[in-house]
>>> print(open('input_23.cif').read())   # mmCIF, C-alpha atoms
data_my_file
#
loop_
_atom_site.label_atom_id
_atom_site.label_comp_id
_atom_site.auth_asym_id
_atom_site.auth_seq_id
_atom_site.Cartn_x
_atom_site.Cartn_y
_atom_site.Cartn_z
CA MET S 5 0.00 0.00 0.00
CA THR S 6 1.42 3.41 -0.90
CA THR S 7 1.38 6.45 1.35
CA LYS S 8 -1.24 8.05 -0.84
CA THR S 9 -3.82 5.29 -0.40
CA ILE S 10 -3.24 5.18 3.36
CA LYS S 11 -3.94 8.91 3.56
CA ALA S 12 -7.03 8.57 1.40
CA SER S 13 -8.45 5.76 3.52
CA ALA S 14 -7.70 7.64 6.75
CA ALA S 15 -9.66 10.67 5.50
CA GLY S 16 -12.41 8.33 4.29
CA THR S 17 -12.70 6.91 7.81
CA PHE S 18 -12.48 10.13 9.73
CA ALA S 19 -15.37 11.88 7.98
CA PRO S 20 -18.00 9.24 8.92
CA VAL S 21 -16.67 9.13 12.50
CA LEU S 22 -16.94 12.92 12.79
CA PHE S 23 -20.39 12.94 11.22
CA ALA S 24 -21.68 10.23 13.58
CA VAL S 25 -20.29 12.09 16.62
CA VAL S 26 -21.88 15.39 15.51
CA LEU S 27 -25.19 13.65 14.79
CA GLY S 28 -25.10 11.92 18.19
CA LEU S 29 -24.30 15.13 20.08
CA GLY S 30 -27.06 16.88 18.11
CA VAL S 31 -29.61 14.28 19.21
CA ILE S 32 -28.44 14.50 22.85
CA THR S 33 -28.66 18.31 22.76
CA LEU S 34 -32.16 18.12 21.34
CA THR S 35 -33.51 15.61 23.87
CA GLY S 36 -31.50 16.85 26.86
CA HIS S 37 -30.84 20.55 26.59
CA VAL S 38 -33.01 22.58 24.20
CA GLN S 39 -35.39 24.67 26.33
CA ALA S 40 -38.16 25.15 23.73
CA SER S 41 -41.29 24.50 25.80
CA ALA S 42 -42.76 21.72 23.61
CA LEU S 43 -39.47 19.83 23.74
CA HIS S 44 -38.98 20.57 27.43
CA ASP S 45 -42.44 19.31 28.37
CA ALA S 46 -42.14 16.15 26.28
CA ALA S 47 -38.66 15.31 27.57
CA HIS S 48 -39.24 16.58 31.13
CA ASP S 49 -39.26 13.25 33.00
CA VAL S 50 -36.39 11.87 30.90
CA ARG S 51 -34.22 14.90 31.61
CA HIS S 52 -34.75 14.54 35.35
CA ALA S 53 -34.20 10.77 35.33
CA THR S 54 -31.12 10.95 33.08
CA GLY S 55 -29.34 13.71 34.97
CA PHE S 56 -29.66 16.62 32.54
CA PRO S 57 -30.11 20.10 34.02
CA CYS S 58 -33.86 20.78 33.75
CA HIS S 59 -35.69 24.10 34.26
CA MET Z 27 -18.19 2.67 7.24
CA PHE Z 28 -20.86 5.24 8.08
CA SER Z 29 -23.70 2.78 7.56
CA ARG Z 30 -21.96 0.31 9.90
CA ILE Z 31 -21.69 2.97 12.61
CA LEU Z 32 -25.29 4.05 12.01
CA THR Z 33 -26.74 0.52 12.00
CA SER Z 34 -24.88 -0.60 15.14
CA ALA Z 35 -25.72 2.62 16.98
CA LEU Z 36 -29.41 2.51 16.05
CA PHE Z 37 -29.84 -1.11 17.16
CA ALA Z 38 -27.86 -0.67 20.39
CA GLY Z 39 -29.40 2.72 21.24
CA ALA Z 40 -32.98 1.64 20.60
CA ALA Z 41 -32.61 -1.60 22.57
CA ALA Z 42 -30.75 -0.12 25.56
CA GLY Z 43 -32.98 2.99 25.45
CA LEU Z 44 -36.16 0.90 25.58
CA ILE Z 45 -34.86 -1.09 28.57
CA ALA Z 46 -33.69 2.14 30.25
CA ALA Z 47 -37.13 3.69 29.70
CA LEU Z 48 -38.94 0.70 31.19
CA LEU Z 49 -36.58 0.58 34.20
CA GLN Z 50 -37.09 4.32 34.71
CA LEU Z 51 -40.87 3.95 34.55
CA VAL Z 52 -40.78 1.27 37.24
CA PHE Z 53 -38.08 2.64 39.54
CA VAL Z 54 -37.64 6.38 38.91
CA GLN Z 55 -41.01 7.70 37.73
CA PRO Z 56 -42.92 6.85 40.96
CA VAL Z 57 -40.30 8.78 42.98
CA LEU Z 58 -40.62 11.74 40.57
CA LEU Z 59 -44.43 11.68 40.77
CA HIS Z 60 -44.20 11.53 44.57
CA ALA Z 61 -41.90 14.59 44.54
CA GLU Z 62 -44.36 16.44 42.29
CA LEU Z 63 -47.06 16.12 44.97
CA TYR Z 64 -44.80 18.28 47.17
CA GLU Z 65 -43.74 20.55 44.28
CA SER Z 66 -47.40 21.35 43.55
CA GLY Z 67 -48.15 21.88 47.24
CA GLU Z 68 -50.67 19.03 47.35
CA LEU Z 69 -48.54 17.54 50.14
CA VAL Z 70 -46.58 19.57 52.69
CA HIS Z 71 -44.16 18.02 55.12
CA PHE Z 72 -43.25 19.51 58.50
CA GLY Z 73 -46.62 21.20 58.28
CA GLY Z 74 -47.80 19.88 61.66
CA GLU Z 75 -49.14 16.37 61.42
CA ALA Z 76 -47.13 13.48 59.94
CA ILE Z 77 -47.59 12.85 56.22
CA SER Z 78 -47.83 9.28 54.92
CA ALA Z 79 -44.77 8.18 52.93
CA HIS Z 80 -47.08 6.12 50.71
CA PRO Z 81 -49.59 8.46 49.07
CA GLU Z 82 -51.62 7.34 46.08
CA LEU Z 83 -49.64 8.21 42.95
CA PRO Z 84 -50.98 8.82 39.44
CA GLY Z 85 -50.68 5.62 37.37
CA PHE Z 86 -49.37 5.05 33.86
CA ASN Z 87 -50.12 8.01 31.58
CA ALA Z 88 -50.02 6.91 27.94
CA MET Z 89 -49.13 10.36 26.57
CA ARG Z 90 -46.61 11.44 29.20
CA ASP Z 91 -44.92 8.06 29.69
CA GLY Z 92 -45.10 7.23 25.97
CA LEU Z 93 -43.17 10.43 25.23
CA SER Z 94 -40.67 9.51 27.96
CA ILE Z 95 -40.07 6.14 26.28
CA VAL Z 96 -39.52 7.77 22.87
CA PHE Z 97 -37.18 10.43 24.27
CA THR Z 98 -35.18 7.93 26.32
CA MET Z 99 -34.69 5.78 23.20
CA LEU Z 100 -33.63 8.90 21.27
CA THR Z 101 -31.20 9.98 23.99
CA TYR Z 102 -29.55 6.56 24.19
CA THR Z 103 -29.34 6.44 20.38
CA GLY Z 104 -27.48 9.76 20.57
CA TYR Z 105 -25.09 8.29 23.14
CA ALA Z 106 -24.67 5.20 20.95
CA LEU Z 107 -23.80 7.26 17.84
CA VAL Z 108 -20.96 8.95 19.73
CA MET Z 109 -19.78 5.72 21.35
CA VAL Z 110 -19.84 3.53 18.23
CA ALA Z 111 -18.01 6.23 16.24
CA LEU Z 112 -15.27 6.22 18.91
CA MET Z 113 -15.32 2.40 18.97
CA SER Z 114 -14.54 2.38 15.24
CA MET Z 115 -11.59 4.71 15.90
CA ALA Z 116 -10.30 2.47 18.72
CA GLU Z 117 -10.61 -0.59 16.49
CA ARG Z 118 -8.55 1.11 13.79
CA GLN Z 119 -5.84 1.59 16.43
CA GLY Z 120 -5.83 -2.14 17.05
CA HIS Z 121 -8.12 -2.45 20.09
CA ALA Z 122 -10.65 -5.27 20.17
CA VAL Z 123 -14.27 -4.09 20.13
CA ASN Z 124 -16.88 -6.69 21.09
CA ALA Z 125 -19.65 -7.26 23.62
CA ARG Z 126 -17.09 -7.99 26.38
CA SER Z 127 -15.04 -4.83 25.91
CA GLY Z 128 -18.34 -3.04 25.26
CA LEU Z 129 -19.16 -3.52 28.93
CA LEU Z 130 -16.20 -1.28 29.84
CA TRP Z 131 -17.16 1.20 27.11
CA GLY Z 132 -20.60 1.37 28.71
CA LEU Z 133 -19.17 2.04 32.17
CA ALA Z 134 -16.91 4.75 30.74
CA GLY Z 135 -19.93 6.26 28.97
CA PHE Z 136 -21.94 6.25 32.20
CA ILE Z 137 -19.12 8.02 34.02
CA THR Z 138 -18.76 10.53 31.17
CA PHE Z 139 -22.39 11.47 30.53
CA HIS Z 140 -24.09 10.75 33.83
CA PHE Z 141 -21.87 10.23 36.87
CA ALA Z 142 -19.21 12.93 36.30
CA PRO Z 143 -21.69 15.81 35.88
CA GLY Z 144 -24.03 14.26 38.48
CA LEU Z 145 -21.34 14.15 41.16
CA SER Z 146 -21.64 17.92 41.69
CA LEU Z 147 -24.89 18.58 39.83
CA ALA Z 148 -26.86 15.78 41.52
CA PRO Z 149 -29.89 14.36 39.70
CA GLU Z 150 -32.71 16.73 40.65
CA VAL Z 151 -36.23 15.89 41.68
CA PRO Z 152 -38.79 18.42 40.43
CA GLY Z 153 -39.11 21.37 42.78
CA VAL Z 154 -35.54 21.63 44.04
CA ALA Z 155 -33.76 24.97 44.13
CA ALA Z 156 -31.05 25.22 41.45
CA ALA Z 157 -28.93 27.81 39.68
CA ASP Z 158 -29.95 29.23 36.29
CA VAL Z 159 -30.46 26.40 33.81
CA ALA Z 160 -28.25 27.91 31.08
CA VAL Z 161 -25.29 28.20 33.47
CA ARG Z 162 -25.79 24.63 34.65
CA GLN Z 163 -25.93 23.43 31.04
CA ILE Z 164 -22.58 25.09 30.30
CA TRP Z 165 -21.01 23.44 33.37
CA TRP Z 166 -22.64 20.11 32.45
CA THR Z 167 -21.32 20.24 28.87
CA ALA Z 168 -17.78 21.19 29.92
CA THR Z 169 -17.73 18.45 32.58
CA VAL Z 170 -18.94 15.81 30.11
CA ALA Z 171 -16.31 16.89 27.56
CA ALA Z 172 -13.53 16.77 30.17
CA ALA Z 173 -14.66 13.38 31.51
CA GLY Z 174 -14.93 11.95 27.99
CA ILE Z 175 -11.37 12.94 27.14
CA ALA Z 176 -10.23 11.57 30.53
CA MET Z 177 -11.91 8.21 29.88
CA TRP Z 178 -10.19 7.94 26.47
CA LEU Z 179 -6.80 8.80 28.02
CA ILE Z 180 -7.25 6.23 30.81
CA ALA Z 181 -8.30 3.52 28.35
CA PHE Z 182 -5.82 4.19 25.53
CA GLY Z 183 -3.20 6.63 26.86
CA GLY Z 184 -0.92 3.96 28.27
CA ASN Z 185 1.55 6.25 30.05
CA LEU Z 186 1.82 8.17 33.31
CA VAL Z 187 1.39 11.62 31.74
CA SER Z 188 -1.93 10.71 30.16
CA TYR Z 189 -3.18 9.26 33.47
CA LEU Z 190 -2.23 12.49 35.27
CA ILE Z 191 -3.96 14.62 32.63
CA ALA Z 192 -7.01 12.36 32.95
CA ALA Z 193 -7.06 12.76 36.74
CA ALA Z 194 -6.81 16.55 36.40
CA LEU Z 195 -9.64 16.58 33.84
CA LEU Z 196 -11.84 14.49 36.14
CA LEU Z 197 -11.13 16.61 39.24
CA ALA Z 198 -11.10 20.13 37.79
CA PRO Z 199 -14.86 20.65 37.24
CA HIS Z 200 -15.60 19.62 40.84
CA LEU Z 201 -12.79 21.71 42.31
CA ILE Z 202 -14.03 24.71 40.31
CA GLY Z 203 -17.54 23.81 41.47
CA ALA Z 204 -20.93 23.49 39.81
CA PRO Z 205 -23.35 26.45 39.70
CA GLU Z 206 -25.33 26.49 42.96
CA PRO Z 207 -28.61 28.19 43.89
CA ASP Z 208 -28.51 31.37 46.03
CA SER Z 209 -30.86 29.88 48.60
CA PHE Z 210 -32.65 26.61 49.28
CA SER Z 211 -36.36 26.51 48.64
CA GLY Z 212 -37.08 22.86 47.81
CA PRO Z 213 -40.38 21.64 49.28
CA VAL Z 214 -39.58 17.94 48.67
CA PRO Z 215 -38.54 15.72 51.64
CA THR Z 216 -34.84 14.77 51.58
CA GLU Z 217 -35.79 11.08 51.65
CA ILE Z 218 -37.43 11.44 48.25
CA GLY Z 219 -34.58 13.53 46.84
CA ALA Z 220 -31.95 11.01 47.97
CA LEU Z 221 -33.89 8.02 46.64
CA PHE Z 222 -34.36 9.81 43.31
CA ALA Z 223 -30.64 10.51 42.90
CA ALA Z 224 -29.71 6.93 43.86
CA ARG Z 225 -32.28 5.42 41.50
CA ALA Z 226 -31.30 7.77 38.62
CA PHE Z 227 -27.64 6.76 38.96
CA GLY Z 228 -28.42 3.04 39.38
CA ILE Z 229 -30.73 2.81 36.38
CA GLY Z 230 -28.33 5.00 34.38
CA MET Z 231 -25.45 2.64 35.08
CA ALA Z 232 -27.47 -0.46 34.21
CA ALA Z 233 -28.67 1.12 30.97
CA TRP Z 234 -25.18 2.32 29.99
CA VAL Z 235 -23.60 -1.10 30.62
CA LEU Z 236 -26.27 -2.64 28.40
CA LEU Z 237 -25.72 0.09 25.79
CA GLY Z 238 -21.97 -0.60 25.68
CA THR Z 239 -22.46 -4.36 25.50
CA PHE Z 240 -25.06 -4.07 22.74
CA ALA Z 241 -22.95 -1.54 20.81
CA GLY Z 242 -19.88 -3.81 20.99
CA TYR Z 243 -21.94 -6.80 19.93
CA PHE Z 244 -23.65 -5.08 16.98
CA TRP Z 245 -20.41 -3.40 15.87
CA GLN Z 246 -18.66 -6.77 15.79
CA SER Z 247 -21.49 -8.56 14.00
CA GLU Z 248 -21.87 -5.73 11.46
CA SER Z 249 -18.11 -5.87 10.81
CA ALA Z 250 -18.27 -9.64 10.33
CA ARG Z 251 -21.16 -9.19 7.91
CA ALA Z 252 -19.33 -6.49 5.96
CA GLU Z 253 -16.26 -8.71 5.67
CA ALA Z 254 -18.33 -11.69 4.56
CA ALA Z 255 -19.96 -9.54 1.88
CA ALA Z 256 -16.62 -8.15 0.66
#
>>> encode(input="input_23.cif", output="structure tokens")
Amino acid sequence: MTTKTIKASAAGTFAPVLFAVVLGLGVITLTGHVQASALHDAAHDVRHATGFPCH
Amino acid sequence: MFSRILTSALFAGAAAGLIAALLQLVFVQPVLLHAELYESGELVHFGGEAISAHPELPGFNAMRDGLSIVFTMLTYTGYALVMVALMSMAERQGHAVNARSGLLWGLAGFITFHFAPGLSLAPEVPGVAAADVAVRQIWWTATVAAAGIAMWLIAFGGNLVSYLIAAALLLAPHLIGAPEPDSFSGPVPTEIGALFAARAFGIGMAAWVLLGTFAGYFWQSESARAEAAA
């Protein structure tokens, strides 16, 4: 394997990892932190039970 | 690569999230509903006569508890996306990822997302006095980030310097201190508050260990399938 293909495959692996992490953190922020009242009310019990700061 | 991360995370997150939600409904929700009787003023302790510790609580509410189940599954799927992505990175560095090692991943995840912030920002029953929510969220996020890096350094650092950095990252948020309320005004009996915190941590740990085990298992089986197809 040449240096070039190693670099290409490393970049090809890093992008999906980064995207999955960002997506995951986005979901956690939405369910755990966003204070919009509809979201807050729906997620209220979960936020308390899962240790997120709530109201 | 991305579809393998996504598939493993979705399976693991949905399964562990569903179990977490059911455990919470049985063990945490009754304590929360009990606390709400004091938050709303329906019950008052130290008001004169003794108050029964076993009041009648509202039962299963399809709308409220159904939403809780959906949001717990979503939350654990979010955790799983982050964890499986990091698992794929660890595997590329030569570390075995399977259901067995997943158990440790789960414990590390619990410490990162639940126990580290909860150590100074204890799981709250409704009605407790607390500092401004935005300030607590900033502290929570910084503590989770520091603990996550610390867990990675402890697991994969492999030298004294990384262990020392990890220890500093774990200690710093608690030495600095979490945002605290100016005064106490919580109407809920301490017995209920303590039970709630203990139950929240216990169920959180059980759910996280399952999440890590499932994530390791699905990651390994998805990898085996991808190799067989190649």
>>> resolve_selection(input="input_23.cif", expression="the PyMOL selection byres ((chain Z) within 7 of (chain S))", output="list of chain:residue names")
Z:Met27, Z:Phe28, Z:Val54, Z:Leu93, Z:Ser94, Z:Phe97, Z:Thr98, Z:Thr101, Z:Gly104, Z:Tyr105, Z:Leu107, Z:Val108, Z:Ala111, Z:His140, Z:Gly144, Z:Pro149, Z:Glu150, Z:Val151, Z:Val159, Z:Arg162, Z:Gln163, Z:Ala226, Z:Gly230
>>> atom_distance(input="input_23.cif", atom1="CA of Glu206 (chain Z)", atom2="CA of Ala148 (chain Z)")
10.9 Å
>>> residues_around(input="input_23.cif", residues="Ser249 (chain Z)", least_positions_apart="3", cutoff="10 Å", atoms="all atoms listed in the file", output="list in words")
Met27, Arg30, Ile31, Ser34, Tyr243, Phe244, Trp245, Gln246, Ala252, Glu253, Ala254 and Ala255 of chain Z
>>> closest_residue(input="input_23.cif", among="Z:Leu83, Z:Leu100, Z:Ile95, Z:Leu196", to="Leu36 (chain Z)", atoms="only C-alpha atoms")
Z:Leu100
>>> atom_distance(input="input_23.cif", atom1="CA of Thr216 (chain Z)", atom2="CA of Ile137 (chain Z)")
24.5 Å
>>> resolve_selection(input="input_23.cif", expression="the PyMOL selection byres ((chain Z and resi 233) around 8)", output="JSON, numbers by chain")
{"Z": [42, 43, 45, 46, 229, 230, 231, 232, 234, 235, 236, 237]}
>>> atom_distance(input="input_23.cif", atom1="CA of Asn87 (chain Z)", atom2="CA of Ala106 (chain Z)")
27.7 Å
>>> resolve_selection(input="input_23.cif", expression="the PyMOL selection byres ((chain Z and resi 171) around 12)", output="number ranges by chain")
S: 29; Z: 135, 137-140, 142-143, 164-170, 172-178, 192, 195-196, 198-199
>>> residues_around(input="input_23.cif", residues="Ala125 (chain Z)", least_positions_apart="3", cutoff="8 Å", atoms="all atoms listed in the file", output="MDAnalysis selection string")
chainID Z and resid 128:129 238:243 246
>>> residues_around(input="input_23.cif", residues="Glu217 (chain Z)", least_positions_apart="4", cutoff="12 Å", atoms="only C-alpha atoms", output="short mmCIF file (atom, residue, chain, number, x, y, z; two decimals) with C-alpha atoms, in the coordinates of the input")
data_model
loop_
_atom_site.label_atom_id
_atom_site.label_comp_id
_atom_site.auth_asym_id
_atom_site.auth_seq_id
_atom_site.Cartn_x
_atom_site.Cartn_y
_atom_site.Cartn_z
CA VAL Z 57 -40.30 8.78 42.98
CA HIS Z 60 -44.20 11.53 44.57
CA ALA Z 61 -41.90 14.59 44.54
CA HIS Z 71 -44.16 18.02 55.12
CA ALA Z 79 -44.77 8.18 52.93
CA VAL Z 151 -36.23 15.89 41.68
CA PRO Z 213 -40.38 21.64 49.28
CA LEU Z 221 -33.89 8.02 46.64
CA PHE Z 222 -34.36 9.81 43.31
CA ALA Z 223 -30.64 10.51 42.90
CA ALA Z 224 -29.71 6.93 43.86
#
>>> axis_aligned_box(input="input_23.cif", around="region 223-227 of chain Z", padding_each_side="5 Å", output="lines of an AutoDock Vina configuration file")
center_x = -30.0
center_y = 8.0
center_z = 41.2
size_x = 14.6
size_y = 15.1
size_z = 15.2
>>> closest_residue(input="input_23.cif", among="Z:Ser188, Z:Phe86, Z:Ala76, Z:Tyr64", to="Leu48 (chain Z)", atoms="all atoms listed in the file")
Z:Phe86
>>> residues_around(input="input_23.cif", residues="Glu82 (chain Z)", least_positions_apart="2", cutoff="12 Å", atoms="all atoms listed in the file", output="PyMOL selection string")
chain Z and resi 56-57+59-60+63+68-69+78-80+84-85
